[in-house]
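Below is start_19.cif, holding mmCIF, N, CA, C and O atoms.
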data_structure
loop_
_atom_site.group_PDB
_atom_site.id
_atom_site.type_symbol
_atom_site.label_atom_id
_atom_site.label_comp_id
_atom_site.auth_asym_id
_atom_site.auth_seq_id
_atom_site.Cartn_x
_atom_site.Cartn_y
_atom_site.Cartn_z
ATOM 1 N N MET M 16 -57.486 38.968 168.605
ATOM 2 C CA MET M 16 -57.026 38.916 167.235
ATOM 3 C C MET M 16 -55.763 39.762 167.127
ATOM 4 O O MET M 16 -55.710 40.877 167.614
ATOM 5 N N THR M 17 -54.786 39.200 166.463
ATOM 6 C CA THR M 17 -53.537 39.925 166.227
ATOM 7 C C THR M 17 -53.582 40.585 164.851
ATOM 8 O O THR M 17 -54.382 40.186 163.992
ATOM 9 N N PRO M 18 -52.706 41.561 164.612
ATOM 10 C CA PRO M 18 -52.645 42.149 163.265
ATOM 11 C C PRO M 18 -52.360 41.099 162.184
ATOM 12 O O PRO M 18 -52.948 41.142 161.096
ATOM 13 N N ALA M 19 -51.487 40.149 162.486
ATOM 14 C CA ALA M 19 -51.172 39.096 161.510
ATOM 15 C C ALA M 19 -52.387 38.226 161.228
ATOM 16 O O ALA M 19 -52.627 37.837 160.076
ATOM 17 N N GLN M 20 -53.164 37.903 162.259
ATOM 18 C CA GLN M 20 -54.380 37.131 162.041
ATOM 19 C C GLN M 20 -55.363 37.896 161.162
ATOM 20 O O GLN M 20 -56.024 37.306 160.309
ATOM 21 N N CYS M 21 -55.453 39.184 161.377
ATOM 22 C CA CYS M 21 -56.353 40.014 160.575
ATOM 23 C C CYS M 21 -55.946 39.986 159.109
ATOM 24 O O CYS M 21 -56.780 39.776 158.218
ATOM 25 N N ARG M 22 -54.661 40.177 158.844
ATOM 26 C CA ARG M 22 -54.169 40.149 157.456
ATOM 27 C C ARG M 22 -54.416 38.779 156.821
ATOM 28 O O ARG M 22 -54.862 38.685 155.677
ATOM 29 N N ALA M 23 -54.132 37.724 157.565
ATOM 30 C CA ALA M 23 -54.319 36.365 157.037
ATOM 31 C C ALA M 23 -55.789 36.076 156.774
ATOM 32 O O ALA M 23 -56.136 35.475 155.750
ATOM 33 N N ALA M 24 -56.639 36.502 157.679
ATOM 34 C CA ALA M 24 -58.075 36.269 157.514
ATOM 35 C C ALA M 24 -58.597 36.969 156.263
ATOM 36 O O ALA M 24 -59.342 36.372 155.476
ATOM 37 N N ARG M 25 -58.180 38.202 156.054
ATOM 38 C CA ARG M 25 -58.598 38.919 154.849
ATOM 39 C C ARG M 25 -58.130 38.203 153.595
ATOM 40 O O ARG M 25 -58.871 38.080 152.620
ATOM 41 N N ALA M 26 -56.900 37.737 153.627
ATOM 42 C CA ALA M 26 -56.348 37.043 152.463
ATOM 43 C C ALA M 26 -57.130 35.775 152.149
ATOM 44 O O ALA M 26 -57.379 35.465 150.976
ATOM 45 N N MET M 27 -57.551 35.067 153.189
ATOM 46 C CA MET M 27 -58.265 33.806 152.987
ATOM 47 C C MET M 27 -59.612 33.999 152.299
ATOM 48 O O MET M 27 -60.077 33.104 151.583
ATOM 49 N N ILE M 28 -60.229 35.148 152.534
ATOM 50 C CA ILE M 28 -61.545 35.387 151.924
ATOM 51 C C ILE M 28 -61.487 36.451 150.829
ATOM 52 O O ILE M 28 -62.525 36.923 150.367
ATOM 53 N N SER M 29 -60.273 36.819 150.434
ATOM 54 C CA SER M 29 -60.047 37.785 149.345
ATOM 55 C C SER M 29 -60.722 39.133 149.604
ATOM 56 O O SER M 29 -61.325 39.720 148.695
ATOM 57 N N TRP M 30 -60.593 39.622 150.830
ATOM 58 C CA TRP M 30 -61.129 40.931 151.176
ATOM 59 C C TRP M 30 -60.014 41.955 151.173
ATOM 60 O O TRP M 30 -58.916 41.699 151.651
ATOM 61 N N THR M 31 -60.314 43.130 150.685
ATOM 62 C CA THR M 31 -59.397 44.264 150.760
ATOM 63 C C THR M 31 -59.577 44.947 152.109
ATOM 64 O O THR M 31 -60.570 44.704 152.827
ATOM 65 N N GLN M 32 -58.640 45.821 152.438
ATOM 66 C CA GLN M 32 -58.784 46.602 153.661
ATOM 67 C C GLN M 32 -60.050 47.463 153.622
ATOM 68 O O GLN M 32 -60.774 47.514 154.626
ATOM 69 N N PRO M 33 -60.355 48.134 152.502
ATOM 70 C CA PRO M 33 -61.606 48.908 152.462
ATOM 71 C C PRO M 33 -62.858 48.047 152.672
ATOM 72 O O PRO M 33 -63.815 48.483 153.306
ATOM 73 N N LYS M 34 -62.862 46.829 152.131
ATOM 74 C CA LYS M 34 -64.006 45.926 152.314
ATOM 75 C C LYS M 34 -64.187 45.586 153.786
ATOM 76 O O LYS M 34 -65.308 45.592 154.303
ATOM 77 N N LEU M 35 -63.096 45.291 154.491
ATOM 78 C CA LEU M 35 -63.196 44.982 155.911
ATOM 79 C C LEU M 35 -63.670 46.202 156.690
ATOM 80 O O LEU M 35 -64.526 46.083 157.571
ATOM 81 N N ALA M 36 -63.131 47.361 156.385
ATOM 82 C CA ALA M 36 -63.535 48.588 157.078
ATOM 83 C C ALA M 36 -65.041 48.810 156.915
ATOM 84 O O ALA M 36 -65.750 49.108 157.883
ATOM 85 N N GLU M 37 -65.529 48.640 155.698
ATOM 86 C CA GLU M 37 -66.962 48.814 155.439
ATOM 87 C C GLU M 37 -67.794 47.790 156.202
ATOM 88 O O GLU M 37 -68.800 48.135 156.835
ATOM 89 N N ALA M 38 -67.386 46.534 156.153
ATOM 90 C CA ALA M 38 -68.135 45.470 156.825
ATOM 91 C C ALA M 38 -68.161 45.654 158.334
ATOM 92 O O ALA M 38 -69.142 45.295 158.990
ATOM 93 N N ALA M 39 -67.093 46.216 158.886
ATOM 94 C CA ALA M 39 -66.997 46.406 160.337
ATOM 95 C C ALA M 39 -67.597 47.729 160.794
ATOM 96 O O ALA M 39 -67.812 47.933 161.989
ATOM 97 N N GLY M 40 -67.830 48.650 159.860
ATOM 98 C CA GLY M 40 -68.397 49.937 160.218
ATOM 99 C C GLY M 40 -67.389 50.916 160.791
ATOM 100 O O GLY M 40 -67.754 51.801 161.562
ATOM 101 N N PHE M 41 -66.135 50.765 160.420
ATOM 102 C CA PHE M 41 -65.078 51.664 160.876
ATOM 103 C C PHE M 41 -64.357 52.240 159.673
ATOM 104 O O PHE M 41 -64.500 51.751 158.556
ATOM 105 N N GLY M 42 -63.544 53.261 159.908
ATOM 106 C CA GLY M 42 -62.796 53.882 158.838
ATOM 107 C C GLY M 42 -61.642 53.024 158.362
ATOM 108 O O GLY M 42 -61.128 52.177 159.107
ATOM 109 N N LEU M 43 -61.233 53.263 157.142
ATOM 110 C CA LEU M 43 -60.113 52.533 156.554
ATOM 111 C C LEU M 43 -58.844 52.699 157.391
ATOM 112 O O LEU M 43 -58.085 51.739 157.553
ATOM 113 N N SER M 44 -58.620 53.883 157.940
ATOM 114 C CA SER M 44 -57.398 54.106 158.724
ATOM 115 C C SER M 44 -57.327 53.187 159.939
ATOM 116 O O SER M 44 -56.238 52.801 160.360
ATOM 117 N N THR M 45 -58.476 52.806 160.484
ATOM 118 C CA THR M 45 -58.485 51.881 161.630
ATOM 119 C C THR M 45 -57.905 50.535 161.220
ATOM 120 O O THR M 45 -57.067 49.964 161.918
ATOM 121 N N VAL M 46 -58.335 50.019 160.079
ATOM 122 C CA VAL M 46 -57.840 48.731 159.585
ATOM 123 C C VAL M 46 -56.358 48.826 159.241
ATOM 124 O O VAL M 46 -55.556 47.990 159.658
ATOM 125 N N VAL M 47 -55.985 49.842 158.494
ATOM 126 C CA VAL M 47 -54.594 50.007 158.066
ATOM 127 C C VAL M 47 -53.671 50.146 159.269
ATOM 128 O O VAL M 47 -52.645 49.460 159.373
ATOM 129 N N ASP M 48 -54.032 51.025 160.205
ATOM 130 C CA ASP M 48 -53.187 51.246 161.376
ATOM 131 C C ASP M 48 -53.070 49.993 162.234
ATOM 132 O O ASP M 48 -52.000 49.692 162.762
ATOM 133 N N PHE M 49 -54.166 49.255 162.379
ATOM 134 C CA PHE M 49 -54.122 48.015 163.164
ATOM 135 C C PHE M 49 -53.217 46.992 162.498
ATOM 136 O O PHE M 49 -52.324 46.432 163.140
ATOM 137 N N GLU M 50 -53.421 46.746 161.207
ATOM 138 C CA GLU M 50 -52.641 45.724 160.513
ATOM 139 C C GLU M 50 -51.160 46.070 160.426
ATOM 140 O O GLU M 50 -50.318 45.180 160.423
ATOM 141 N N LYS M 51 -50.838 47.346 160.342
ATOM 142 C CA LYS M 51 -49.431 47.766 160.274
ATOM 143 C C LYS M 51 -48.837 48.049 161.645
ATOM 144 O O LYS M 51 -47.689 48.473 161.740
ATOM 145 N N GLU M 52 -49.650 47.822 162.683
ATOM 146 C CA GLU M 52 -49.231 48.022 164.074
ATOM 147 C C GLU M 52 -48.725 49.437 164.321
ATOM 148 O O GLU M 52 -47.781 49.660 165.065
ATOM 149 N N ARG M 53 -49.393 50.402 163.705
ATOM 150 C CA ARG M 53 -49.038 51.811 163.876
ATOM 151 C C ARG M 53 -49.535 52.365 165.198
ATOM 152 O O ARG M 53 -48.953 53.276 165.758
ATOM 153 N N ARG M 54 -50.700 51.864 165.625
ATOM 154 C CA ARG M 54 -51.296 52.355 166.869
ATOM 155 C C ARG M 54 -52.234 51.297 167.410
ATOM 156 O O ARG M 54 -52.674 50.406 166.690
ATOM 157 N N GLU M 55 -52.522 51.407 168.684
ATOM 158 C CA GLU M 55 -53.513 50.534 169.310
ATOM 159 C C GLU M 55 -54.900 51.016 168.873
ATOM 160 O O GLU M 55 -55.137 52.218 168.795
ATOM 161 N N ILE M 56 -55.777 50.091 168.573
ATOM 162 C CA ILE M 56 -57.159 50.469 168.287
ATOM 163 C C ILE M 56 -58.007 50.028 169.474
ATOM 164 O O ILE M 56 -57.588 49.195 170.279
ATOM 165 N N SER M 57 -59.200 50.572 169.577
ATOM 166 C CA SER M 57 -60.065 50.247 170.710
ATOM 167 C C SER M 57 -60.499 48.781 170.654
ATOM 168 O O SER M 57 -60.508 48.156 169.588
ATOM 169 N N VAL M 58 -60.873 48.279 171.801
ATOM 170 C CA VAL M 58 -61.381 46.906 171.880
ATOM 171 C C VAL M 58 -62.652 46.788 171.048
ATOM 172 O O VAL M 58 -62.863 45.784 170.357
ATOM 173 N N VAL M 59 -63.470 47.820 171.066
ATOM 174 C CA VAL M 59 -64.711 47.819 170.285
ATOM 175 C C VAL M 59 -64.396 47.691 168.794
ATOM 176 O O VAL M 59 -65.015 46.895 168.084
ATOM 177 N N ALA M 60 -63.423 48.451 168.320
ATOM 178 C CA ALA M 60 -63.044 48.395 166.906
ATOM 179 C C ALA M 60 -62.476 47.020 166.556
ATOM 180 O O ALA M 60 -62.824 46.440 165.522
ATOM 181 N N MET M 61 -61.614 46.487 167.412
ATOM 182 C CA MET M 61 -61.017 45.182 167.140
ATOM 183 C C MET M 61 -62.085 44.093 167.091
ATOM 184 O O MET M 61 -62.062 43.225 166.218
ATOM 185 N N MET M 62 -63.037 44.152 168.011
ATOM 186 C CA MET M 62 -64.096 43.149 168.015
ATOM 187 C C MET M 62 -64.976 43.284 166.774
ATOM 188 O O MET M 62 -65.414 42.278 166.214
ATOM 189 N N ALA M 63 -65.223 44.509 166.314
ATOM 190 C CA ALA M 63 -66.020 44.704 165.103
ATOM 191 C C ALA M 63 -65.314 44.118 163.887
ATOM 192 O O ALA M 63 -65.947 43.478 163.037
ATOM 193 N N LEU M 64 -64.009 44.322 163.801
ATOM 194 C CA LEU M 64 -63.236 43.738 162.700
ATOM 195 C C LEU M 64 -63.317 42.214 162.753
ATOM 196 O O LEU M 64 -63.573 41.555 161.742
ATOM 197 N N GLN M 65 -63.098 41.664 163.936
ATOM 198 C CA GLN M 65 -63.114 40.204 164.084
ATOM 199 C C GLN M 65 -64.498 39.642 163.763
ATOM 200 O O GLN M 65 -64.609 38.638 163.057
ATOM 201 N N HIS M 66 -65.546 40.276 164.244
ATOM 202 C CA HIS M 66 -66.900 39.774 163.981
ATOM 203 C C HIS M 66 -67.237 39.826 162.492
ATOM 204 O O HIS M 66 -67.890 38.924 161.970
ATOM 205 N N ALA M 67 -66.788 40.868 161.812
ATOM 206 C CA ALA M 67 -67.029 40.964 160.366
ATOM 207 C C ALA M 67 -66.338 39.820 159.636
ATOM 208 O O ALA M 67 -66.924 39.206 158.725
ATOM 209 N N LEU M 68 -65.121 39.531 160.023
ATOM 210 C CA LEU M 68 -64.380 38.430 159.396
ATOM 211 C C LEU M 68 -65.019 37.081 159.715
ATOM 212 O O LEU M 68 -65.124 36.209 158.848
ATOM 213 N N GLU M 69 -65.464 36.909 160.955
ATOM 214 C CA GLU M 69 -66.124 35.654 161.330
ATOM 215 C C GLU M 69 -67.430 35.472 160.558
ATOM 216 O O GLU M 69 -67.741 34.356 160.112
ATOM 217 N N ALA M 70 -68.175 36.551 160.383
ATOM 218 C CA ALA M 70 -69.435 36.470 159.632
ATOM 219 C C ALA M 70 -69.192 36.093 158.173
ATOM 220 O O ALA M 70 -70.063 35.508 157.523
ATOM 221 N N ALA M 71 -67.989 36.393 157.679
ATOM 222 C CA ALA M 71 -67.626 36.056 156.299
ATOM 223 C C ALA M 71 -67.048 34.649 156.174
ATOM 224 O O ALA M 71 -66.680 34.230 155.082
ATOM 225 N N GLY M 72 -66.936 33.931 157.288
ATOM 226 C CA GLY M 72 -66.508 32.537 157.225
ATOM 227 C C GLY M 72 -65.151 32.216 157.799
ATOM 228 O O GLY M 72 -64.647 31.108 157.623
ATOM 229 N N VAL M 73 -64.543 33.157 158.515
ATOM 230 C CA VAL M 73 -63.230 32.924 159.109
ATOM 231 C C VAL M 73 -63.392 32.471 160.554
ATOM 232 O O VAL M 73 -64.250 32.957 161.274
ATOM 233 N N GLU M 74 -62.570 31.544 160.964
ATOM 234 C CA GLU M 74 -62.531 31.088 162.354
ATOM 235 C C GLU M 74 -61.162 31.425 162.919
ATOM 236 O O GLU M 74 -60.138 31.121 162.303
ATOM 237 N N PHE M 75 -61.148 32.058 164.082
ATOM 238 C CA PHE M 75 -59.897 32.422 164.733
ATOM 239 C C PHE M 75 -59.483 31.337 165.705
ATOM 240 O O PHE M 75 -60.306 30.818 166.443
ATOM 241 N N ILE M 76 -58.211 30.980 165.673
ATOM 242 C CA ILE M 76 -57.659 29.948 166.531
ATOM 243 C C ILE M 76 -56.799 30.644 167.581
ATOM 244 O O ILE M 76 -55.863 31.368 167.244
ATOM 245 N N ALA M 77 -57.152 30.431 168.835
ATOM 246 C CA ALA M 77 -56.438 31.077 169.931
ATOM 247 C C ALA M 77 -55.049 30.475 170.118
ATOM 248 O O ALA M 77 -54.758 29.372 169.643
ATOM 249 N N GLU M 78 -54.217 31.196 170.823
ATOM 250 C CA GLU M 78 -52.894 30.703 171.211
ATOM 251 C C GLU M 78 -53.108 29.415 172.007
ATOM 252 O O GLU M 78 -53.802 29.412 173.001
ATOM 253 N N ASN M 79 -52.540 28.327 171.546
ATOM 254 C CA ASN M 79 -52.738 27.044 172.229
ATOM 255 C C ASN M 79 -51.457 26.222 172.239
ATOM 256 O O ASN M 79 -51.492 25.006 172.172
ATOM 257 N N GLY M 80 -50.348 26.899 172.298
ATOM 258 C CA GLY M 80 -49.078 26.207 172.267
ATOM 259 C C GLY M 80 -48.451 26.222 170.894
ATOM 260 O O GLY M 80 -47.248 26.151 170.748
ATOM 261 N N GLY M 81 -49.281 26.317 169.861
ATOM 262 C CA GLY M 81 -48.783 26.345 168.497
ATOM 263 C C GLY M 81 -48.854 27.725 167.879
ATOM 264 O O GLY M 81 -48.457 27.919 166.748
ATOM 265 N N GLY M 82 -49.352 28.678 168.614
ATOM 266 C CA GLY M 82 -49.481 30.040 168.119
ATOM 267 C C GLY M 82 -50.872 30.319 167.599
ATOM 268 O O GLY M 82 -51.590 29.412 167.203
ATOM 269 N N PRO M 83 -51.273 31.596 167.598
ATOM 270 C CA PRO M 83 -52.590 31.945 167.103
ATOM 271 C C PRO M 83 -52.661 31.772 165.588
ATOM 272 O O PRO M 83 -51.643 31.834 164.905
ATOM 273 N N GLY M 84 -53.863 31.545 165.082
ATOM 274 C CA GLY M 84 -54.009 31.367 163.645
ATOM 275 C C GLY M 84 -55.419 31.642 163.186
ATOM 276 O O GLY M 84 -56.271 32.097 163.952
ATOM 277 N N VAL M 85 -55.673 31.350 161.924
ATOM 278 C CA VAL M 85 -56.999 31.485 161.325
ATOM 279 C C VAL M 85 -57.227 30.320 160.377
ATOM 280 O O VAL M 85 -56.281 29.723 159.868
ATOM 281 N N ARG M 86 -58.490 30.019 160.165
ATOM 282 C CA ARG M 86 -58.867 29.017 159.169
ATOM 283 C C ARG M 86 -60.289 29.319 158.717
ATOM 284 O O ARG M 86 -60.992 30.105 159.335
ATOM 285 N N LEU M 87 -60.670 28.716 157.617
ATOM 286 C CA LEU M 87 -62.027 28.882 157.136
ATOM 287 C C LEU M 87 -62.929 27.911 157.884
ATOM 288 O O LEU M 87 -62.528 26.774 158.179
ATOM 289 N N LYS M 88 -64.130 28.365 158.194
ATOM 290 C CA LYS M 88 -65.093 27.496 158.878
ATOM 291 C C LYS M 88 -65.531 26.394 157.935
ATOM 292 O O LYS M 88 -65.613 26.604 156.717
ATOM 293 N N LYS M 89 -65.814 25.243 158.493
ATOM 294 C CA LYS M 89 -66.368 24.147 157.695
ATOM 295 C C LYS M 89 -67.748 24.532 157.242
ATOM 296 O O LYS M 89 -68.524 25.101 157.997
ATOM 297 N N ARG M 90 -68.039 24.220 155.998
ATOM 298 C CA ARG M 90 -69.386 24.448 155.489
ATOM 299 C C ARG M 90 -70.123 23.139 155.521
ATOM 300 O O ARG M 90 -69.600 22.093 155.171
ATOM 301 N N SER M 91 -71.376 23.213 155.938
ATOM 302 C CA SER M 91 -72.167 21.981 155.991
ATOM 303 C C SER M 91 -72.617 21.617 154.588
ATOM 304 O O SER M 91 -72.863 22.474 153.749
ATOM 305 N N ASN M 92 -72.719 20.335 154.338
ATOM 306 C CA ASN M 92 -73.166 19.824 153.036
ATOM 307 C C ASN M 92 -74.555 19.233 153.192
ATOM 308 O O ASN M 92 -74.780 18.055 152.973
ATOM 309 N N ASP M 93 -75.493 20.087 153.628
ATOM 310 C CA ASP M 93 -76.850 19.623 153.899
ATOM 311 C C ASP M 93 -77.711 19.571 152.642
ATOM 312 O O ASP M 93 -78.900 19.358 152.725
ATOM 313 N N GLY M 94 -77.121 19.765 151.461
ATOM 314 C CA GLY M 94 -77.875 19.883 150.240
ATOM 315 C C GLY M 94 -78.348 18.642 149.698
ATOM 316 O O GLY M 94 -79.162 18.281 149.043
#

Render the structure in this file as structure tokens.
Amino acid sequence: MTPAQCRAARAMISWTQPKLAEAAGFGLSTVVDFEKERREISVVAMMALQHALEAAGVEFIAENGGGPGVRLKKRSNDG
């Protein structure tokens, strides 16, 4: 996950930086520093951020020639 993907994912689900920090179990400074590319964060922290966003319905798209991205997961209409 890139910092830009993180920012875009939060925007798609209307999450604030504090909301993501809480959901991932890390401090707000971890989210802020990662998104602003101030410092490298640990792989554990990055994976926690990504998993929190995925659990909220975001799907990460890997670099595949068109660049990395994010989208919302399809919801099933089993109702």

Calculate how many Å separate atom O of Ile28 in chain M from atom N of Gly81 in chain M, rounding to one decimal. 25.8 Å

What does the distance between atom O of Leu87 in chain M and atom O of Gly72 in chain M come to in Å, to one decimal place?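 About the pair atom O of Leu87 in chain M and atom O of Gly72 in chain M: they are 4.9 Å apart.
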
Could you check which residues have any atom within 6 Å of (-52.2, 37.1, 167.8), counting all atoms listed in the file with coordinates taken straight from the file, and then list them as number ranges by chain? M: 16-18, 20, 83

Which of range 28-59 of chain M counts as alpha helix (DSSP H) under DSSP, as a PyMOL selection string please? chain M and resi 32-39+43-50+58-59

Nearest-residue call for Val58 in chain M, choices M:Ala70, M:Thr45, M:Ala36, M:Arg25, using only C-alpha atoms: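 The answer is M:Thr45, which sits nearest to Val58 in chain M.
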
So, counting all atoms listed in the file, which residue among M:Val47, M:Val85, M:Ala39, M:Ile76 is closest to Leu64 in chain M?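 Residue with the minimum atom-to-atom distance to Leu64 in chain M: M:Ala39.
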
Test item: axis-aligned box, all listed atoms of range 29-37 of chain M, 8 Å on each side, centre and edges in Å rounded to one decimal, as lines of an AutoDock Vina configuration file:
center_x = -63.7
center_y = 43.0
center_z = 153.3
size_x = 26.2
size_y = 28.3
size_z = 25.2

Take CA of Glu50 in chain M and atom N of Ala38 in chain M and report the distance between them in Å, one decimal. 15.4 Å

Pull the strand (DSSP E) assignments for chain M out of DSSP run on the backbone, and list those residues as an NGL selection string. :M and (73-76 or 84-87)

Can you translate the PyMOL selection byres (((chain M and resi 63 and name CA) around 10) and name CA) into the concrete residues it hits in this file, as a PyMOL selection string? chain M and resi 35-36+38-41+57-62+64-69

Using all atoms listed in the file, which of M:Ala77, M:Lys88, M:Thr31, M:Ala19 sits nearest Glu52 in chain M?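 Checking each candidate against Glu52 in chain M, we get M:Ala19 as the closest.
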
For Ala24 in chain M, which residue out of M:Glu74, M:Glu37, M:Asp48, M:Glu55 is the nearest one, using all atoms listed in the file? M:Glu74

From the list M:Val46, M:Cys21, M:Gly80, M:Arg53, which residue is nearest Pro33 in chain M when using all atoms listed in the file?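 Of M:Val46, M:Cys21, M:Gly80, M:Arg53, the one nearest Pro33 in chain M, counting all atoms listed in the file, is M:Val46.
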
Min atom-atom distance to Phe49 in chain M from the set M:Gly84, M:Arg22, M:Lys89, M:Val73, counting only C-alpha atoms, belongs to M:Arg22
